[in-house]
$ cat protein-v4.csv   # CSV, C-alpha atoms
chain,number,residue,atom,x,y,z
A,1,MET,CA,4.4,22.1,14.3
A,2,HIS,CA,1.0,20.6,13.7
A,3,LEU,CA,0.6,16.9,13.9
A,4,VAL,CA,-2.7,15.5,12.6
A,5,ILE,CA,-3.5,11.9,13.2
A,6,GLU,CA,-6.4,9.9,11.7
A,7,GLY,CA,-6.4,6.6,13.5
A,8,ARG,CA,-8.4,3.4,12.6
A,9,GLY,CA,-8.8,-0.1,13.9
A,10,GLY,CA,-8.8,1.2,17.5
A,11,ASP,CA,-9.8,-0.7,20.6
A,12,TRP,CA,-13.5,-0.1,21.4
A,13,HIS,CA,-12.9,0.0,25.1
A,14,LYS,CA,-10.0,2.4,24.9
A,15,LEU,CA,-11.9,4.7,22.5
A,16,GLN,CA,-14.9,5.1,24.9
A,17,ASP,CA,-12.9,5.3,28.2
A,18,LEU,CA,-13.5,8.9,29.5
A,19,PRO,CA,-11.2,8.6,32.6
A,20,ALA,CA,-8.4,7.1,30.4
A,21,LEU,CA,-8.7,10.0,27.9
A,22,TYR,CA,-8.5,12.5,30.8
A,23,GLU,CA,-5.4,10.8,32.1
A,24,LEU,CA,-3.8,10.7,28.6
A,25,LEU,CA,-4.4,14.5,28.1
A,26,ASP,CA,-3.3,15.2,31.6
A,27,THR,CA,0.1,13.4,31.1
A,28,LEU,CA,0.8,13.7,27.4
A,29,PRO,CA,2.1,17.3,27.4
A,30,GLY,CA,4.8,16.5,29.9
A,31,ARG,CA,5.8,13.3,28.0
A,32,ILE,CA,6.4,15.3,24.8
A,33,ASN,CA,8.1,18.3,26.6
A,34,MET,CA,5.1,20.6,26.5
A,35,THR,CA,3.6,22.8,29.3
A,36,LYS,CA,0.1,22.1,30.3
A,37,ILE,CA,-1.6,25.3,31.5
A,38,MET,CA,-5.0,24.0,32.5
A,39,PRO,CA,-6.6,20.6,33.4
A,40,PRO,CA,-8.0,18.7,30.4
A,41,ILE,CA,-11.7,19.0,29.4
A,42,VAL,CA,-13.2,15.7,28.4
A,43,THR,CA,-16.8,15.0,27.5
A,44,ARG,CA,-19.0,12.3,26.0
A,45,TYR,CA,-20.9,13.1,22.8
A,46,VAL,CA,-24.0,11.5,21.3
A,47,GLY,CA,-24.8,12.6,17.8
A,48,VAL,CA,-27.9,12.4,15.7
A,49,THR,CA,-26.5,9.3,14.0
A,50,PRO,CA,-26.1,6.6,16.8
A,51,ALA,CA,-22.7,5.3,15.4
A,52,ASP,CA,-21.2,8.8,15.7
A,53,TRP,CA,-21.1,8.9,19.5
A,54,GLY,CA,-17.8,9.1,21.2
A,55,ILE,CA,-15.6,11.1,23.6
A,56,SER,CA,-13.8,14.4,22.9
A,57,GLY,CA,-11.0,15.9,24.9
A,58,PHE,CA,-8.9,19.1,24.8
A,59,VAL,CA,-6.0,20.3,26.8
A,60,MET,CA,-4.5,23.8,26.5
A,61,ILE,CA,-0.7,23.9,26.5
A,62,ALA,CA,1.5,26.9,26.7
A,63,GLU,CA,2.6,26.0,23.1
A,64,SER,CA,-1.0,25.8,21.8
A,65,HIS,CA,-3.3,22.7,22.3
A,66,ILE,CA,-4.0,19.0,21.9
A,67,SER,CA,-7.4,17.7,20.9
A,68,VAL,CA,-8.9,14.2,20.6
A,69,HIS,CA,-12.2,13.0,19.1
A,70,THR,CA,-13.1,9.3,19.2
A,71,PHE,CA,-15.7,7.2,17.3
A,72,PRO,CA,-15.7,3.9,19.2
A,73,GLU,CA,-18.3,2.2,16.9
A,74,LYS,CA,-16.1,2.9,13.9
A,75,GLY,CA,-12.9,2.2,15.7
A,76,GLU,CA,-11.6,5.7,14.8
A,77,VAL,CA,-10.0,8.7,16.4
A,78,ALA,CA,-9.0,12.1,15.1
A,79,ILE,CA,-6.1,13.9,17.0
A,80,ASP,CA,-4.4,17.2,16.7
A,81,VAL,CA,-1.2,18.2,18.4
A,82,PHE,CA,-0.7,21.9,17.7
A,83,SER,CA,2.5,23.5,19.0
A,84,CYS,CA,4.7,26.6,18.3
A,85,LYS,CA,7.6,24.5,19.6
A,86,GLU,CA,9.1,21.6,17.7
A,87,PHE,CA,8.5,18.1,19.1
A,88,ASP,CA,9.0,14.5,18.0
A,89,PRO,CA,6.0,13.5,15.9
A,90,ALA,CA,7.1,9.8,15.7
A,91,LYS,CA,7.2,9.5,19.5
A,92,THR,CA,4.0,11.4,19.9
A,93,CYS,CA,2.3,9.2,17.3
A,94,GLY,CA,3.5,6.1,19.0
A,95,LEU,CA,2.2,7.1,22.4
A,96,LEU,CA,-1.2,7.9,20.9
A,97,GLN,CA,-1.3,4.8,18.8
A,98,GLU,CA,-0.7,2.7,21.9
A,99,ALA,CA,-3.2,4.7,24.0
A,100,PHE,CA,-6.0,3.8,21.6
A,101,GLY,CA,-4.8,0.4,20.4
A,102,LEU,CA,-4.7,1.7,16.8
A,103,THR,CA,-3.9,-0.8,14.0
A,104,GLU,CA,-3.7,1.9,11.2
A,105,VAL,CA,-2.5,5.5,11.5
A,106,GLU,CA,-2.4,8.2,8.9
A,107,THR,CA,-0.5,11.3,9.8
A,108,CYS,CA,0.3,14.7,8.4
A,109,VAL,CA,2.9,17.1,9.9
A,110,LEU,CA,2.8,20.8,9.0
A,111,ARG,CA,5.1,23.6,10.0
A,112,ARG,CA,3.5,26.3,12.1
A,113,GLY,CA,4.3,30.0,12.3
A,114,LEU,CA,4.2,33.2,10.4
A,115,GLU,CA,8.0,33.0,9.7
A,116,TYR,CA,7.3,30.1,7.2
A,117,GLY,CA,5.2,32.3,4.9
A,118,VAL,CA,2.9,30.8,2.3
A,119,GLU,CA,5.4,28.5,0.6
A,120,THR,CA,7.3,26.2,2.8
A,121,THR,CA,9.2,23.0,2.5
A,122,MET,CA,8.4,19.8,4.3
A,123,LEU,CA,9.7,19.3,7.7
A,124,PRO,CA,13.4,18.4,8.3
A,125,THR,CA,14.3,15.0,6.9
A,126,ARG,CA,14.3,13.4,10.3
A,127,PHE,CA,10.5,13.8,10.3
A,128,ALA,CA,9.8,13.2,6.6
A,129,HIS,CA,9.1,9.5,7.0
A,130,GLU,CA,6.2,10.4,9.4
A,131,VAL,CA,4.4,12.6,6.8
A,132,THR,CA,1.8,10.9,4.7
A,133,ALA,CA,0.1,14.0,3.2
A,134,GLN,CA,1.1,17.3,1.7
A,135,THR,CA,-0.8,20.5,1.4
A,136,PRO,CA,-0.7,21.4,-2.3
A,137,ASN,CA,1.0,24.7,-3.1
A,138,ILE,CA,1.9,25.1,0.6
A,139,THR,CA,4.3,22.3,1.5
A,140,LYS,CA,6.9,20.8,-0.9
A,141,PRO,CA,9.0,17.6,-0.5
A,142,ASP,CA,12.5,18.0,0.9
A,143,ASP,CA,14.0,17.1,-2.5
A,144,TYR,CA,11.8,19.4,-4.6
A,145,GLU,CA,14.7,21.5,-5.8
A,146,THR,CA,17.2,18.7,-6.4
A,147,ASN,CA,15.1,15.8,-7.6
A,148,PRO,CA,13.3,16.3,-11.0
A,149,GLU,CA,11.0,13.3,-10.3
A,150,ALA,CA,9.9,14.8,-7.0
A,151,LYS,CA,9.3,18.2,-8.7
A,152,ALA,CA,7.3,16.6,-11.5
A,153,ARG,CA,5.2,14.6,-9.1
A,154,TYR,CA,4.5,17.7,-7.0
A,155,ASP,CA,3.7,19.9,-9.9
A,156,ASN,CA,1.4,17.4,-11.6
A,157,PRO,CA,-2.2,18.4,-10.8
A,158,PHE,CA,-3.5,15.0,-11.9
A,159,ILE,CA,-1.7,13.0,-9.3
A,160,GLU,CA,-4.0,12.0,-6.4
A,161,THR,CA,-2.8,12.8,-2.9
A,162,ALA,CA,-4.4,12.6,0.5
A,163,LEU,CA,-5.6,16.1,0.0
A,164,SER,CA,-6.8,15.9,-3.6
A,165,GLY,CA,-9.8,18.1,-4.1
A,166,TYR,CA,-9.0,20.3,-1.1
A,167,ASN,CA,-8.5,24.0,-1.9
A,168,PRO,CA,-7.4,26.4,0.9
A,169,ASN,CA,-10.0,29.0,-0.1
A,170,GLY,CA,-12.8,26.6,1.1
A,171,TYR,CA,-14.0,25.4,-2.3
A,172,GLU,CA,-14.0,21.7,-3.3
A,173,ALA,CA,-12.6,20.5,-6.6
A,174,GLU,CA,-14.7,20.8,-9.8
A,175,ALA,CA,-15.6,24.4,-9.0
A,176,VAL,CA,-18.3,23.5,-6.5
A,177,ALA,CA,-18.4,25.6,-3.4
A,178,LYS,CA,-19.1,24.2,0.1
A,179,ASN,CA,-21.7,27.0,0.5
A,180,GLY,CA,-23.5,26.0,-2.7
A,181,GLN,CA,-22.2,28.9,-4.8
A,182,ALA,CA,-20.6,27.9,-8.1
A,183,VAL,CA,-17.0,29.2,-8.6
A,184,LEU,CA,-15.1,29.0,-11.8
A,185,ASN,CA,-11.5,30.1,-12.1
A,186,GLY,CA,-11.7,31.9,-8.7
A,187,THR,CA,-14.6,34.2,-9.6
A,188,HIS,CA,-18.1,34.1,-8.2
$ encode --input "protein-v4.csv" --output "structure tokens"
Amino acid sequence: MHLVIEGRGGDWHKLQDLPALYELLDTLPGRINMTKIMPPIVTRYVGVTPADWGISGFVMIAESHISVHTFPEKGEVAIDVFSCKEFDPAKTCGLLQEAFGLTEVETCVLRRGLEYGVETTMLPTRFAHEVTAQTPNITKPDDYETNPEAKARYDNPFIETALSGYNPNGYEAEAVAKNGQAVLNGTH
């Protein structure tokens, strides 16, 4: 599973607290039934733009990793919990929301593993209420096959989603490449 959290409205003091982030990354794996295989790495970052400063942390777990990047001046945090083992995203999200005092959380939960192939369905229904974004052409709603409205919504390219304009080949919408090369219908 891959839990992606975009948090907003966070507590400035919690978002800049280096020792607290270390403690969080040191204890979180055990609290969500993962296996920490090294101590966390936590550092302060000061960017070119003064408002972009923050702290970043990473802990490697036997199942993969957990990473956190905070932006105290904006009240924001970006978090990834990446694991080859299933875990409870609602519990994990709640722990992280509390740790940073977040008032708004946007999440995305993706399946992980080669056994899922290119086309997958959304996570089991018990996690579906935690998912706030889909990856077009990769994930499908649980009721895709049985609910004509869900199928029509998913298949409609004009409906805006959290990932509208994202293309997994690296190109943005409107045939404009990130590297500046124009792309039309998949050709250079």
$ atom_distance --input "protein-v4.csv" --atom1 "atom CA of Thr103 of chain A" --atom2 "atom CA of Glu86 of chain A"
26.2 Å
$ residues_around --input "protein-v4.csv" --residues "Gly75 of chain A" --least-positions-apart "3" --cutoff "10 Å" --atoms "only C-alpha atoms" --output "MDAnalysis selection string"
chainID A and resid 7:16 70:72 100:103
$ atom_distance --input "protein-v4.csv" --atom1 "atom CA of Glu6 of chain A" --atom2 "atom CA of Leu21 of chain A"
16.4 Å
$ atom_distance --input "protein-v4.csv" --atom1 "atom CA of Lys74 of chain A" --atom2 "atom CA of Thr49 of chain A"
12.2 Å
$ residues_around --input "protein-v4.csv" --residues "Phe87 of chain A" --least-positions-apart "2" --cutoff "9 Å" --atoms "only C-alpha atoms" --output "PyMOL selection string"
chain A and resi 1+32-34+83+85+89+91-92
$ decode --input "protein-v4.csv" --residues "segment 76-97 of chain A" --atoms "N, CA and C atoms" --output "PDB file, in the first residue's frame"
ATOM      1  N   GLU A  76       1.762  23.419   6.182  1.00  0.00           N
ATOM      2  CA  GLU A  76       1.552  22.225   5.360  1.00  0.00           C
ATOM      3  C   GLU A  76       2.581  21.136   5.636  1.00  0.00           C
ATOM      4  N   VAL A  77       2.192  19.913   5.312  1.00  0.00           N
ATOM      5  CA  VAL A  77       3.074  18.765   5.413  1.00  0.00           C
ATOM      6  C   VAL A  77       2.714  17.777   4.299  1.00  0.00           C
ATOM      7  N   ALA A  78       3.742  17.139   3.739  1.00  0.00           N
ATOM      8  CA  ALA A  78       3.551  16.083   2.736  1.00  0.00           C
ATOM      9  C   ALA A  78       4.150  14.805   3.315  1.00  0.00           C
ATOM     10  N   ILE A  79       3.363  13.732   3.314  1.00  0.00           N
ATOM     11  CA  ILE A  79       3.775  12.484   3.961  1.00  0.00           C
ATOM     12  C   ILE A  79       3.523  11.313   3.020  1.00  0.00           C
ATOM     13  N   ASP A  80       4.475  10.388   2.979  1.00  0.00           N
ATOM     14  CA  ASP A  80       4.320   9.126   2.259  1.00  0.00           C
ATOM     15  C   ASP A  80       4.557   7.976   3.228  1.00  0.00           C
ATOM     16  N   VAL A  81       3.643   7.023   3.235  1.00  0.00           N
ATOM     17  CA  VAL A  81       3.840   5.778   3.964  1.00  0.00           C
ATOM     18  C   VAL A  81       3.738   4.689   2.899  1.00  0.00           C
ATOM     19  N   PHE A  82       4.869   4.099   2.575  1.00  0.00           N
ATOM     20  CA  PHE A  82       4.975   3.168   1.457  1.00  0.00           C
ATOM     21  C   PHE A  82       5.322   1.800   2.025  1.00  0.00           C
ATOM     22  N   SER A  83       4.489   0.794   1.745  1.00  0.00           N
ATOM     23  CA  SER A  83       4.679  -0.516   2.362  1.00  0.00           C
ATOM     24  C   SER A  83       4.226  -1.639   1.446  1.00  0.00           C
ATOM     25  N   CYS A  84       4.965  -2.731   1.457  1.00  0.00           N
ATOM     26  CA  CYS A  84       4.543  -3.920   0.716  1.00  0.00           C
ATOM     27  C   CYS A  84       3.555  -4.734   1.539  1.00  0.00           C
ATOM     28  N   LYS A  85       3.293  -4.293   2.755  1.00  0.00           N
ATOM     29  CA  LYS A  85       2.373  -4.979   3.672  1.00  0.00           C
ATOM     30  C   LYS A  85       1.158  -4.072   3.902  1.00  0.00           C
ATOM     31  N   GLU A  86      -0.022  -4.664   3.924  1.00  0.00           N
ATOM     32  CA  GLU A  86      -1.231  -3.888   4.168  1.00  0.00           C
ATOM     33  C   GLU A  86      -1.218  -3.330   5.588  1.00  0.00           C
ATOM     34  N   PHE A  87      -1.732  -2.116   5.736  1.00  0.00           N
ATOM     35  CA  PHE A  87      -1.849  -1.483   7.044  1.00  0.00           C
ATOM     36  C   PHE A  87      -3.127  -0.669   7.066  1.00  0.00           C
ATOM     37  N   ASP A  88      -3.475  -0.124   8.207  1.00  0.00           N
ATOM     38  CA  ASP A  88      -4.715   0.627   8.362  1.00  0.00           C
ATOM     39  C   ASP A  88      -4.459   2.104   8.039  1.00  0.00           C
ATOM     40  N   PRO A  89      -4.840   2.578   6.845  1.00  0.00           N
ATOM     41  CA  PRO A  89      -4.568   3.970   6.488  1.00  0.00           C
ATOM     42  C   PRO A  89      -5.339   4.973   7.336  1.00  0.00           C
ATOM     43  N   ALA A  90      -6.530   4.613   7.806  1.00  0.00           N
ATOM     44  CA  ALA A  90      -7.310   5.536   8.641  1.00  0.00           C
ATOM     45  C   ALA A  90      -6.597   5.773   9.969  1.00  0.00           C
ATOM     46  N   LYS A  91      -6.122   4.716  10.587  1.00  0.00           N
ATOM     47  CA  LYS A  91      -5.382   4.844  11.849  1.00  0.00           C
ATOM     48  C   LYS A  91      -4.108   5.648  11.632  1.00  0.00           C
ATOM     49  N   THR A  92      -3.371   5.305  10.577  1.00  0.00           N
ATOM     50  CA  THR A  92      -2.110   5.992  10.281  1.00  0.00           C
ATOM     51  C   THR A  92      -2.347   7.469  10.031  1.00  0.00           C
ATOM     52  N   CYS A  93      -3.363   7.778   9.253  1.00  0.00           N
ATOM     53  CA  CYS A  93      -3.698   9.167   8.956  1.00  0.00           C
ATOM     54  C   CYS A  93      -4.072   9.910  10.235  1.00  0.00           C
ATOM     55  N   GLY A  94      -4.827   9.276  11.098  1.00  0.00           N
ATOM     56  CA  GLY A  94      -5.215   9.894  12.363  1.00  0.00           C
ATOM     57  C   GLY A  94      -4.015  10.207  13.246  1.00  0.00           C
ATOM     58  N   LEU A  95      -3.066   9.269  13.318  1.00  0.00           N
ATOM     59  CA  LEU A  95      -1.859   9.493  14.110  1.00  0.00           C
ATOM     60  C   LEU A  95      -1.055  10.675  13.571  1.00  0.00           C
ATOM     61  N   LEU A  96      -0.949  10.760  12.256  1.00  0.00           N
ATOM     62  CA  LEU A  96      -0.175  11.832  11.635  1.00  0.00           C
ATOM     63  C   LEU A  96      -0.899  13.172  11.724  1.00  0.00           C
ATOM     64  N   GLN A  97      -2.211  13.126  11.595  1.00  0.00           N
ATOM     65  CA  GLN A  97      -3.005  14.352  11.720  1.00  0.00           C
ATOM     66  C   GLN A  97      -2.829  14.936  13.123  1.00  0.00           C
TER      67      GLN A  97
END
